[in-house]
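A.B. asks: Just one file: entry.cif, with mmCIF, C-alpha atoms and all ligand atoms.
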data_model
#
loop_
_atom_site.label_atom_id
_atom_site.label_comp_id
_atom_site.auth_asym_id
_atom_site.auth_seq_id
_atom_site.Cartn_x
_atom_site.Cartn_y
_atom_site.Cartn_z
CA MET A 7 -3.50 -6.18 -22.79
CA ASP A 8 -1.77 -3.04 -21.60
CA LEU A 9 -3.85 0.00 -20.76
CA TYR A 10 -2.89 3.56 -21.59
CA GLU A 11 -1.68 5.76 -18.75
CA HIS A 12 -4.96 7.69 -18.71
CA GLN A 13 -6.94 4.44 -18.40
CA ALA A 14 -4.67 3.28 -15.56
CA ARG A 15 -5.17 6.68 -13.94
CA GLN A 16 -8.93 6.23 -14.17
CA LEU A 17 -8.76 2.81 -12.46
CA PHE A 18 -6.50 4.19 -9.73
CA ALA A 19 -8.99 6.99 -9.07
CA GLU A 20 -11.92 4.55 -8.98
CA HIS A 21 -10.14 2.60 -6.27
CA GLY A 22 -9.51 5.66 -4.15
CA MET A 23 -5.94 6.48 -5.10
CA ALA A 24 -5.12 10.16 -5.44
CA VAL A 25 -4.18 11.18 -9.00
CA PRO A 26 -3.69 14.59 -10.63
CA GLU A 27 -6.67 16.17 -12.40
CA ALA A 28 -6.34 15.46 -16.11
CA GLU A 29 -7.99 15.47 -19.54
CA VAL A 30 -7.23 13.47 -22.67
CA ILE A 31 -7.29 15.12 -26.10
CA ASP A 32 -6.35 14.04 -29.60
CA ARG A 33 -6.36 17.45 -31.33
CA ALA A 34 -3.96 20.27 -30.56
CA ALA A 35 -6.85 22.70 -31.15
CA ASP A 36 -8.47 21.40 -27.94
CA ALA A 37 -5.38 21.95 -25.78
CA LYS A 38 -5.96 25.61 -24.90
CA GLU A 39 -9.41 25.09 -23.44
CA ALA A 40 -8.45 21.89 -21.64
CA ALA A 41 -5.40 23.56 -20.11
CA GLY A 42 -7.61 26.48 -19.09
CA ARG A 43 -9.98 24.15 -17.25
CA LEU A 44 -6.99 22.56 -15.47
CA GLY A 45 -5.65 25.88 -14.22
CA GLY A 46 -3.44 27.02 -17.11
CA ARG A 47 -0.11 25.35 -16.33
CA VAL A 48 -0.15 21.69 -17.32
CA VAL A 49 2.01 18.64 -17.96
CA VAL A 50 1.50 17.37 -21.50
CA LYS A 51 1.96 13.60 -21.64
CA ALA A 52 2.11 11.39 -24.74
CA GLN A 53 -0.32 8.45 -24.48
CA VAL A 54 1.59 5.46 -25.81
CA LYS A 55 1.86 1.96 -24.44
CA THR A 56 5.55 2.13 -23.70
CA GLY A 57 7.70 3.50 -20.89
CA GLY A 58 10.48 6.07 -21.02
CA ARG A 59 8.24 8.74 -22.52
CA GLY A 60 9.90 11.39 -20.39
CA LYS A 61 13.37 10.64 -21.79
CA ALA A 62 11.97 10.56 -25.33
CA GLY A 63 10.49 14.05 -25.01
CA GLY A 64 6.91 12.83 -24.58
CA VAL A 65 6.35 14.45 -21.15
CA LYS A 66 6.64 18.26 -21.04
CA ILE A 67 5.47 21.01 -18.75
CA ALA A 68 3.63 23.90 -20.44
CA ALA A 69 3.45 27.20 -18.57
CA ASP A 70 0.08 28.38 -19.92
CA PRO A 71 -2.73 27.37 -22.30
CA ALA A 72 -0.96 28.80 -25.37
CA ALA A 73 2.19 26.82 -24.55
CA ALA A 74 0.03 23.75 -23.92
CA GLU A 75 -1.30 23.99 -27.47
CA LEU A 76 2.19 24.34 -28.91
CA THR A 77 3.55 21.43 -26.86
CA THR A 78 0.55 19.26 -27.73
CA ARG A 79 1.17 20.00 -31.40
CA GLN A 80 4.80 18.88 -30.97
CA ILE A 81 3.98 15.69 -29.11
CA LEU A 82 1.02 14.50 -31.21
CA GLY A 83 2.32 12.38 -34.07
CA MET A 84 5.68 11.89 -32.39
CA ASP A 85 7.20 8.40 -32.60
CA ILE A 86 8.21 6.92 -29.26
CA LYS A 87 9.96 3.55 -29.53
CA GLY A 88 7.89 2.69 -32.59
CA HIS A 89 4.58 3.92 -31.10
CA THR A 90 2.90 6.86 -32.78
CA VAL A 91 1.36 9.33 -30.34
CA ARG A 92 -2.35 9.70 -31.16
CA ALA A 93 -3.49 11.35 -27.94
CA VAL A 94 -2.04 13.31 -25.07
CA MET A 95 -3.10 13.68 -21.48
CA LEU A 96 -2.98 17.15 -19.99
CA ALA A 97 -2.51 16.94 -16.24
CA GLN A 98 -2.26 19.41 -13.40
CA PRO A 99 1.43 19.62 -12.51
CA VAL A 100 2.48 18.90 -8.98
CA ASP A 101 5.49 19.99 -6.97
CA ILE A 102 7.39 16.80 -6.28
CA GLU A 103 9.33 16.27 -3.09
CA ALA A 104 10.18 12.59 -3.62
CA GLU A 105 9.53 9.93 -6.28
CA PHE A 106 8.92 6.26 -5.43
CA TYR A 107 8.34 3.07 -7.37
CA VAL A 108 5.64 0.53 -6.50
CA SER A 109 4.22 -2.40 -8.41
CA TYR A 110 2.53 -5.74 -8.05
CA VAL A 111 3.29 -8.40 -10.56
CA LEU A 112 2.37 -12.03 -11.03
CA ASP A 113 5.75 -13.70 -10.70
CA ARG A 114 5.68 -17.02 -12.51
CA ALA A 115 9.10 -18.03 -11.16
CA THR A 116 7.94 -17.96 -7.54
CA GLY A 117 4.36 -18.89 -8.40
CA THR A 118 2.84 -15.95 -6.56
CA PHE A 119 2.41 -12.19 -6.58
CA LEU A 120 5.31 -9.94 -5.76
CA ALA A 121 5.32 -6.42 -4.46
CA ILE A 122 8.28 -4.55 -5.92
CA ALA A 123 8.92 -1.20 -4.32
CA SER A 124 11.68 1.35 -4.05
CA ALA A 125 12.23 4.78 -2.61
CA GLU A 126 14.23 5.52 -5.78
CA GLY A 127 11.41 5.92 -8.25
CA GLY A 128 11.04 8.08 -11.32
CA MET A 129 13.71 6.55 -13.47
CA GLU A 130 13.62 3.09 -14.95
CA ILE A 131 13.43 0.56 -12.15
CA GLU A 132 15.50 -1.95 -14.15
CA GLU A 133 18.39 0.50 -13.90
CA VAL A 134 18.02 0.86 -10.13
CA ALA A 135 17.69 -2.91 -9.73
CA ALA A 136 20.86 -3.46 -11.77
CA THR A 137 23.04 -0.84 -10.11
CA ARG A 138 21.65 -0.80 -6.56
CA PRO A 139 19.64 -4.00 -6.00
CA GLU A 140 19.47 -3.32 -2.27
CA ALA A 141 17.32 -0.27 -3.04
CA VAL A 142 14.54 -2.43 -4.48
CA ALA A 143 12.37 -4.46 -2.10
CA ARG A 144 10.73 -7.61 -3.42
CA ILE A 145 8.07 -9.03 -1.14
CA PRO A 146 5.93 -12.09 -1.97
CA ILE A 147 2.21 -11.71 -1.36
CA ASP A 148 -0.14 -14.48 -0.36
CA PRO A 149 -2.85 -14.16 -3.02
CA VAL A 150 -5.60 -15.24 -0.62
CA GLU A 151 -4.60 -12.92 2.19
CA GLY A 152 -3.69 -10.08 -0.17
CA VAL A 153 -2.22 -6.78 0.96
CA THR A 154 -3.52 -6.27 4.48
CA GLU A 155 -2.79 -3.18 6.53
CA ARG A 156 0.10 -5.05 8.11
CA LYS A 157 1.45 -6.24 4.78
CA ALA A 158 1.26 -2.73 3.33
CA ALA A 159 3.22 -1.37 6.30
CA GLN A 160 5.77 -4.14 5.83
CA ILE A 161 6.24 -3.33 2.12
CA ALA A 162 6.54 0.40 2.82
CA ALA A 163 9.13 -0.22 5.54
CA ALA A 164 11.15 -2.65 3.44
CA ALA A 165 11.34 -0.14 0.57
CA ALA A 166 11.89 2.87 2.85
CA LEU A 167 8.69 4.51 1.61
CA PRO A 168 6.99 6.99 3.94
CA PRO A 169 4.32 5.34 6.13
CA GLU A 170 1.62 7.48 4.41
CA ALA A 171 2.23 5.41 1.28
CA ALA A 172 0.92 2.23 2.96
CA PRO A 173 -2.82 2.90 2.36
CA VAL A 174 -2.02 3.50 -1.32
CA LEU A 175 -0.37 0.07 -1.44
CA GLN A 176 -3.63 -1.49 -0.22
CA ARG A 177 -5.69 0.36 -2.84
CA LEU A 178 -3.28 -0.58 -5.60
CA TRP A 179 -3.72 -4.22 -4.61
CA GLN A 180 -7.48 -3.73 -5.04
CA VAL A 181 -6.85 -2.46 -8.57
CA LEU A 182 -4.87 -5.61 -9.36
CA THR A 183 -7.38 -8.08 -7.97
CA ARG A 184 -10.69 -6.39 -8.85
CA GLU A 185 -9.71 -5.30 -12.35
CA ASP A 186 -8.25 -8.66 -13.46
CA ALA A 187 -4.73 -7.27 -13.82
CA LEU A 188 -1.48 -9.22 -14.06
CA LEU A 189 0.60 -6.12 -13.41
CA VAL A 190 -0.02 -2.74 -11.82
CA GLU A 191 2.81 -0.25 -11.62
CA VAL A 192 3.10 3.30 -10.35
CA ASN A 193 6.29 5.12 -11.30
CA PRO A 194 6.53 7.63 -9.93
CA LEU A 195 4.36 7.51 -6.86
CA VAL A 196 5.22 10.90 -5.41
CA ARG A 197 5.10 12.81 -2.17
CA THR A 198 4.29 16.37 -3.03
CA VAL A 199 5.80 19.37 -1.32
CA ASP A 200 2.48 19.87 0.47
CA GLY A 201 2.60 16.29 1.79
CA ARG A 202 0.16 14.43 -0.47
CA ILE A 203 0.87 10.95 -1.93
CA LEU A 204 -0.07 10.94 -5.63
CA ALA A 205 0.15 8.38 -8.44
CA LEU A 206 1.74 10.38 -11.26
CA ASP A 207 2.16 7.64 -13.83
CA GLY A 208 0.53 4.24 -14.15
CA LYS A 209 0.85 1.04 -16.04
CA VAL A 210 -1.79 -1.70 -15.89
CA THR A 211 -1.66 -4.99 -17.79
CA LEU A 212 -5.00 -6.78 -17.85
CA ASP A 213 -5.30 -10.55 -18.04
CA ASP A 214 -6.62 -11.27 -21.56
CA ASN A 215 -8.34 -14.38 -20.21
CA ALA A 216 -10.66 -12.00 -18.38
CA GLY A 217 -11.30 -9.93 -21.53
CA PHE A 218 -14.98 -10.90 -21.47
CA ARG A 219 -15.30 -9.13 -18.10
CA GLN A 220 -13.44 -6.07 -19.32
CA ALA A 221 -15.78 -4.96 -22.10
CA ARG A 222 -15.52 -1.36 -20.86
CA TRP A 223 -12.12 -1.04 -22.52
CA GLY A 224 -13.83 -1.55 -25.86
CA ALA A 225 -12.77 -3.49 -28.93
CA GLU A 226 -9.16 -3.36 -27.78
CA ALA A 227 -9.89 -5.55 -24.78
CA GLY A 228 -11.49 -8.22 -26.91
CA ASP A 229 -8.65 -8.09 -29.39
CA PRO A 230 -5.33 -8.61 -27.68
CA HIS A 231 -4.04 -10.24 -30.88
CA GLY A 232 -1.57 -8.52 -33.16
CA ASP A 233 -1.88 -11.31 -35.73
CA PRO A 234 -4.85 -10.88 -38.12
CA LEU A 235 -5.46 -14.64 -38.34
CA GLU A 236 -5.50 -14.90 -34.56
CA ALA A 237 -7.88 -11.96 -34.43
CA ALA A 238 -10.18 -13.62 -37.00
CA ALA A 239 -10.04 -16.89 -35.06
CA ALA A 240 -10.72 -15.12 -31.76
CA ALA A 241 -13.73 -13.42 -33.34
CA LYS A 242 -15.08 -16.90 -34.13
CA GLY A 243 -14.35 -18.08 -30.60
CA LEU A 244 -11.65 -20.50 -31.74
CA ASN A 245 -8.74 -21.64 -29.62
CA TYR A 246 -6.16 -20.83 -32.32
CA VAL A 247 -2.50 -19.83 -32.19
CA LYS A 248 -0.59 -18.93 -35.34
CA LEU A 249 2.77 -20.68 -35.80
CA ASP A 250 5.45 -20.39 -38.47
CA GLY A 251 5.04 -23.59 -40.47
CA GLU A 252 3.13 -24.96 -43.44
CA VAL A 253 1.05 -27.86 -42.06
CA GLY A 254 -2.32 -26.65 -40.76
CA ILE A 255 -3.48 -28.52 -37.65
CA ILE A 256 -6.94 -29.20 -36.27
CA GLY A 257 -7.47 -31.51 -33.33
CA ASN A 258 -9.87 -32.11 -30.47
CA GLY A 259 -8.36 -31.58 -27.05
CA ALA A 260 -5.38 -29.38 -26.20
CA GLY A 261 -3.19 -32.36 -25.25
CA LEU A 262 -3.86 -34.16 -28.52
CA VAL A 263 -3.17 -30.99 -30.52
CA MET A 264 0.12 -30.45 -28.67
CA SER A 265 1.22 -34.02 -29.46
CA THR A 266 0.10 -33.52 -33.06
CA LEU A 267 2.42 -30.51 -33.33
CA ASP A 268 5.27 -32.67 -31.98
CA VAL A 269 4.56 -35.54 -34.37
CA VAL A 270 4.40 -33.21 -37.38
CA ALA A 271 7.67 -31.60 -36.31
CA GLY A 272 9.10 -35.10 -35.86
CA CYS A 273 8.36 -35.73 -39.57
CA GLY A 274 10.55 -32.79 -40.50
CA ALA A 275 7.62 -30.45 -41.26
CA ARG A 276 6.54 -27.38 -39.35
CA PRO A 277 3.04 -26.89 -37.94
CA ALA A 278 1.29 -23.74 -39.17
CA ASN A 279 -0.90 -23.33 -36.13
CA PHE A 280 -2.38 -24.72 -32.95
CA LEU A 281 -6.15 -25.22 -33.15
CA ASP A 282 -8.13 -27.11 -30.55
CA ILE A 283 -11.76 -27.49 -31.59
CA GLY A 284 -12.61 -29.03 -28.23
CA GLY A 285 -15.01 -31.78 -27.32
CA GLY A 286 -18.10 -30.79 -29.28
CA ALA A 287 -16.46 -30.47 -32.72
CA SER A 288 -19.65 -29.43 -34.50
CA ALA A 289 -19.81 -28.81 -38.25
CA GLY A 290 -19.86 -25.08 -37.54
CA ILE A 291 -16.64 -25.15 -35.51
CA MET A 292 -15.00 -27.41 -38.09
CA ALA A 293 -16.00 -25.02 -40.88
CA ASP A 294 -14.75 -21.98 -38.94
CA GLY A 295 -11.48 -23.73 -38.13
CA LEU A 296 -10.93 -24.85 -41.70
CA SER A 297 -11.68 -21.42 -43.13
CA VAL A 298 -9.19 -19.71 -40.79
CA ILE A 299 -6.48 -22.27 -41.56
CA LEU A 300 -7.10 -22.20 -45.32
CA SER A 301 -6.88 -18.41 -45.35
CA ASP A 302 -3.29 -18.67 -44.09
CA PRO A 303 -1.19 -18.40 -47.28
CA ALA A 304 1.67 -20.31 -45.61
CA VAL A 305 -0.49 -23.45 -45.21
CA LYS A 306 0.24 -26.17 -47.81
CA SER A 307 -1.66 -29.09 -46.27
CA VAL A 308 -4.03 -29.63 -43.37
CA PHE A 309 -3.98 -32.42 -40.80
CA VAL A 310 -7.21 -33.12 -38.92
CA ASN A 311 -6.43 -35.35 -35.95
CA VAL A 312 -9.46 -36.53 -33.97
CA PHE A 313 -9.79 -39.01 -31.18
CA GLY A 314 -13.44 -39.86 -30.73
CA GLY A 315 -14.58 -39.86 -27.13
CA ILE A 316 -17.92 -38.51 -25.95
CA THR A 317 -18.19 -36.94 -29.40
CA SER A 318 -17.77 -40.02 -31.55
CA CYS A 319 -15.87 -40.17 -34.84
CA ASP A 320 -19.01 -40.52 -36.98
CA ALA A 321 -20.29 -37.23 -35.56
CA VAL A 322 -16.96 -35.56 -36.32
CA ALA A 323 -16.88 -37.07 -39.83
CA GLY A 324 -20.40 -35.75 -40.38
CA GLY A 325 -19.14 -32.36 -39.23
CA ILE A 326 -16.25 -32.47 -41.69
CA VAL A 327 -18.53 -33.41 -44.59
CA GLN A 328 -20.93 -30.61 -43.71
CA ALA A 329 -18.06 -28.13 -43.29
CA LEU A 330 -16.79 -29.05 -46.76
CA ARG A 331 -20.13 -27.88 -48.15
CA SER A 332 -19.62 -24.36 -46.82
CA VAL A 333 -15.83 -24.04 -47.09
CA ARG A 334 -14.09 -24.45 -50.44
CA LEU A 335 -11.18 -26.79 -49.82
CA THR A 336 -8.11 -25.44 -51.62
CA LYS A 337 -5.39 -27.54 -50.03
CA PRO A 338 -5.04 -31.28 -49.35
CA LEU A 339 -6.60 -32.52 -46.13
CA VAL A 340 -5.39 -35.60 -44.26
CA VAL A 341 -7.81 -36.96 -41.68
CA ARG A 342 -7.01 -39.42 -38.95
CA LEU A 343 -10.00 -40.66 -37.00
CA ASP A 344 -9.56 -43.01 -34.08
CA GLY A 345 -11.45 -43.93 -30.95
CA ASN A 346 -15.19 -44.18 -30.50
CA ASN A 347 -16.97 -45.21 -33.74
CA ALA A 348 -13.82 -44.72 -35.85
CA ALA A 349 -14.88 -47.24 -38.50
CA ARG A 350 -18.23 -45.53 -39.00
CA GLY A 351 -16.53 -42.15 -39.21
CA ARG A 352 -14.06 -43.36 -41.84
CA ALA A 353 -16.91 -44.86 -43.87
CA ILE A 354 -18.71 -41.52 -43.90
CA LEU A 355 -15.61 -39.73 -45.25
CA ASP A 356 -15.00 -42.50 -47.80
CA ALA A 357 -18.57 -42.20 -49.03
CA HIS A 358 -18.13 -38.45 -49.46
CA ALA A 359 -15.02 -39.09 -51.60
CA HIS A 360 -13.69 -35.53 -51.82
CA PRO A 361 -10.69 -35.48 -54.20
CA LEU A 362 -8.57 -33.41 -51.78
CA VAL A 363 -9.39 -35.47 -48.68
CA GLU A 364 -7.51 -38.58 -47.73
CA GLN A 365 -7.48 -40.70 -44.60
CA ALA A 366 -4.77 -42.33 -42.54
CA THR A 367 -5.30 -44.82 -39.75
CA THR A 368 -2.44 -43.78 -37.47
CA MET A 369 -1.33 -40.43 -36.14
CA ASP A 370 2.25 -41.02 -37.30
CA GLY A 371 1.12 -42.08 -40.76
CA ALA A 372 -1.18 -39.10 -41.11
CA ALA A 373 1.55 -36.70 -39.98
CA ARG A 374 4.02 -38.17 -42.48
CA ARG A 375 1.46 -37.87 -45.29
CA ALA A 376 0.55 -34.27 -44.39
CA ALA A 377 4.26 -33.37 -44.25
CA GLN A 378 4.81 -35.03 -47.63
CA LEU A 379 1.88 -33.18 -49.22
CA ALA A 380 3.13 -29.86 -47.81
CA ASP A 381 6.57 -30.57 -49.16
CA ALA A 382 5.25 -31.45 -52.63
CA ALA A 383 3.05 -28.35 -52.85
P1 LIG A 401 7.56 7.96 -18.26
O1 LIG A 401 8.85 8.64 -18.61
O2 LIG A 401 6.93 7.33 -19.46
O3 LIG A 401 7.71 7.01 -17.14
O4 LIG A 401 6.55 9.12 -17.81
P2 LIG A 401 6.20 9.71 -16.35
O5 LIG A 401 4.77 10.03 -16.34
O6 LIG A 401 6.66 8.81 -15.27
O7 LIG A 401 6.99 11.07 -16.32
C1 LIG A 401 8.39 11.11 -16.31
C2 LIG A 401 8.89 12.11 -15.28
O8 LIG A 401 8.34 13.37 -15.54
C3 LIG A 401 8.46 11.78 -13.86
O9 LIG A 401 9.32 10.85 -13.22
C4 LIG A 401 8.53 13.13 -13.21
O10 LIG A 401 9.83 13.40 -12.75
C5 LIG A 401 8.20 14.10 -14.33
N1 LIG A 401 6.81 14.55 -14.14
C6 LIG A 401 5.68 13.97 -14.57
N2 LIG A 401 4.61 14.66 -14.14
C7 LIG A 401 5.09 15.71 -13.41
C8 LIG A 401 4.49 16.79 -12.70
O11 LIG A 401 3.29 16.93 -12.58
N3 LIG A 401 5.33 17.66 -12.10
C9 LIG A 401 6.68 17.54 -12.16
N4 LIG A 401 7.43 18.44 -11.55
N5 LIG A 401 7.27 16.55 -12.81
C10 LIG A 401 6.49 15.63 -13.43
MN MN A 402 6.90 6.71 -15.36
#
Kindly present the structure from the file in structure tokens form.
Ligand code: GDP
Ligand code: MN

C.D. replies:
Amino acid sequence: MDLYEHQARQLFAEHGMAVPEAEVIDRAADAKEAAGRLGGRVVVKAQVKTGGRGKAGGVKIAADPAAAELTTRQILGMDIKGHTVRAVMLAQPVDIEAEFYVSYVLDRATGTFLAIASAEGGMEIEEVAATRPEAVARIPIDPVEGVTERKAAQIAAAAALPPEAAPVLQRLWQVLTREDALLVEVNPLVRTVDGRILALDGKVTLDDNAGFRQARWGAEAGDPHGDPLEAAAAAKGLNYVKLDGEVGIIGNGAGLVMSTLDVVAGCGARPANFLDIGGGASAGIMADGLSVILSDPAVKSVFVNVFGGITSCDAVAGGIVQALRSVRLTKPLVVRLDGNNAARGRAILDAHAHPLVEQATTMDGAARRAAQLADAA
């Protein structure tokens, strides 16, 4: 999840980085007073989770509180790259002497963290990297050692940043590691005319896997999902990913579910989702999983693929039967049970004899049948 600039600013401040004084408002009527508290002259900045706000007219200096209100009125409601501006941050303007770029990012290609830094900040770093790659330093960081005083000095030197920027580099690393971030970026980091180093703009991307530790960011943090089905599944604690197809998939174990997707695709059908109900596979989880999958209008058939291990097939079959009492089955369900106590599990489902449930003994056979049922629907 990306944070807003003002949230990034707050984290920077908490970790000892210098940032301009600022206030966030969502009504133009509040601009005058806020600007007054900040000294009259302010920068009005659109709060949207996209870059290039400056170029789009979303960052403007207002000379006094009355101008701040006018500018806020202009910027609120503005569309910036498809994002509607719902709040602005008013910040104390600073006199900039130089603008730098610094960021830490988890680089999957090199399998470690990278410091990316440049003395040519302010504009889009992609542009600088494309036209003058030598102006952008890229330094790998040992995640255990982190950004030590020495490392910070090395990054600053490599990017031709002033040595006073080095302590900021150490604090920014703290933001990344202590706040569960995958990316922290400051553009621009500035040196002011009176010699201070200030973070003027910030971007922080939190690791959604750590969402449970980031409750302070509110509902947003717990809901990184744009897709409503994924959001509903996440709310039920399910390991669900929406896909484009028509065959709903439930399996136990991520590896088995991945192979199930492949086998279904191999039958010429398209899986509608990934759903791993894990080892326990209780009736409750089965019911939750089924209800999410059945609420997907694209789903035409459902394939439940279970390999009984510690949780044996009879327990899973019992779970399915119980789930079918609370969830109204509206689409055909093909179940393949194999492994521990498979025969007993199959007998339980046979005894239940639901008209929309059928069984197959092999994974391939079940996938073919589910694909066929989806096709016929
Ligand atoms: P972005 O366009 O979304 O990256 O928004 P920024 O917050 O980075 O602002 C864009 C540009 O506006 C910066 O690179 C600065 O040049 C300028 N800017 C932002 N805040 C101030 C300020 O306090 N004083 C001055 N003089 N310029 C500012
Ligand atoms: Mn910026």

A.B. asks: Quick one: distance from atom CA of A:Phe106 to atom CA of A:Leu212 in Å, one decimal?

C.D. replies: 22.8 Å

A.B. asks: Could the residues that lie within 6 Å of ligand LIG 401 (chain A), counting all atoms listed in the file, be listed as a list in words?

C.D. replies: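 Taking all atoms listed in the file into account, the residues around ligand LIG 401 (chain A) at most 6 Å away are Val49, Gly57, Gly58, Arg59, Gly60, Lys61, Val65, Pro99, Val100, Asp101, Ile102, Gly128, Asn193, Pro194, Leu206 and Asp207 of chain A.
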
A.B. asks: Excluding A:Leu281 and its own-chain neighbours fewer than 4 positions away, which residues fall within 8 Å of it when counting all atoms listed in the file? Please give them as number ranges by chain.

C.D. replies: A: 244-247, 255-257, 263, 295

A.B. asks: Could the residues in this selection be saved with C-alpha atoms as a short mmCIF file (atom, residue, chain, number, x, y, z; two decimals), in the frame of the given file?

C.D. replies:
data_model
loop_
_atom_site.label_atom_id
_atom_site.label_comp_id
_atom_site.auth_asym_id
_atom_site.auth_seq_id
_atom_site.Cartn_x
_atom_site.Cartn_y
_atom_site.Cartn_z
CA LEU A 244 -11.65 -20.50 -31.74
CA ASN A 245 -8.74 -21.64 -29.62
CA TYR A 246 -6.16 -20.83 -32.32
CA VAL A 247 -2.50 -19.83 -32.19
CA ILE A 255 -3.48 -28.52 -37.65
CA ILE A 256 -6.94 -29.20 -36.27
CA GLY A 257 -7.47 -31.51 -33.33
CA VAL A 263 -3.17 -30.99 -30.52
CA GLY A 295 -11.48 -23.73 -38.13
#

A.B. asks: Have a look at A:Val174, A:Ala97, A:Ile31, A:Val196 and name the one nearest to ligand MN 402 (chain A); count all atoms listed in the file.

C.D. replies: A:Val196

A.B. asks: I'd like the interatomic distance between atom CA of A:Ala329 and atom CA of A:Ala380, to a tenth of an Å.

C.D. replies: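 Spanning atom CA of A:Ala329 to atom CA of A:Ala380 is a straight-line distance of 21.7 Å.
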
A.B. asks: Looking at A:Leu112, A:Ala35, A:Leu262, A:Leu235, which one is nearest to A:Val190, with distances taken over all atoms listed in the file?

C.D. replies: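 Of the candidates, the smallest distance to A:Val190 is held by A:Leu112.
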
A.B. asks: Could you give me, as a list of chain:residue names, the residues within 8 Å of A:Gly315, counting only C-alpha atoms and dropping anything in the same chain fewer than 3 positions from it?

C.D. replies: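 So, after excluding close chain neighbours, the residues are A:Ser318, A:Cys319, A:Gly345, A:Asn346.
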
A.B. asks: So that I can check the surroundings of A:Ala41, please list as number ranges by chain every protein, DNA and RNA residue that reaches within 12 Å of it, counting all atoms listed in the file and ignoring chain neighbours fewer than 2 positions away.

C.D. replies: A: 27-31, 34-39, 43-50, 67-78, 94-99

A.B. asks: Atom CA of A:Phe313 to atom CA of A:Gly351: how many Å, to one decimal?

C.D. replies: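 Separation of atom CA of A:Phe313 and atom CA of A:Gly351: 10.9 Å.
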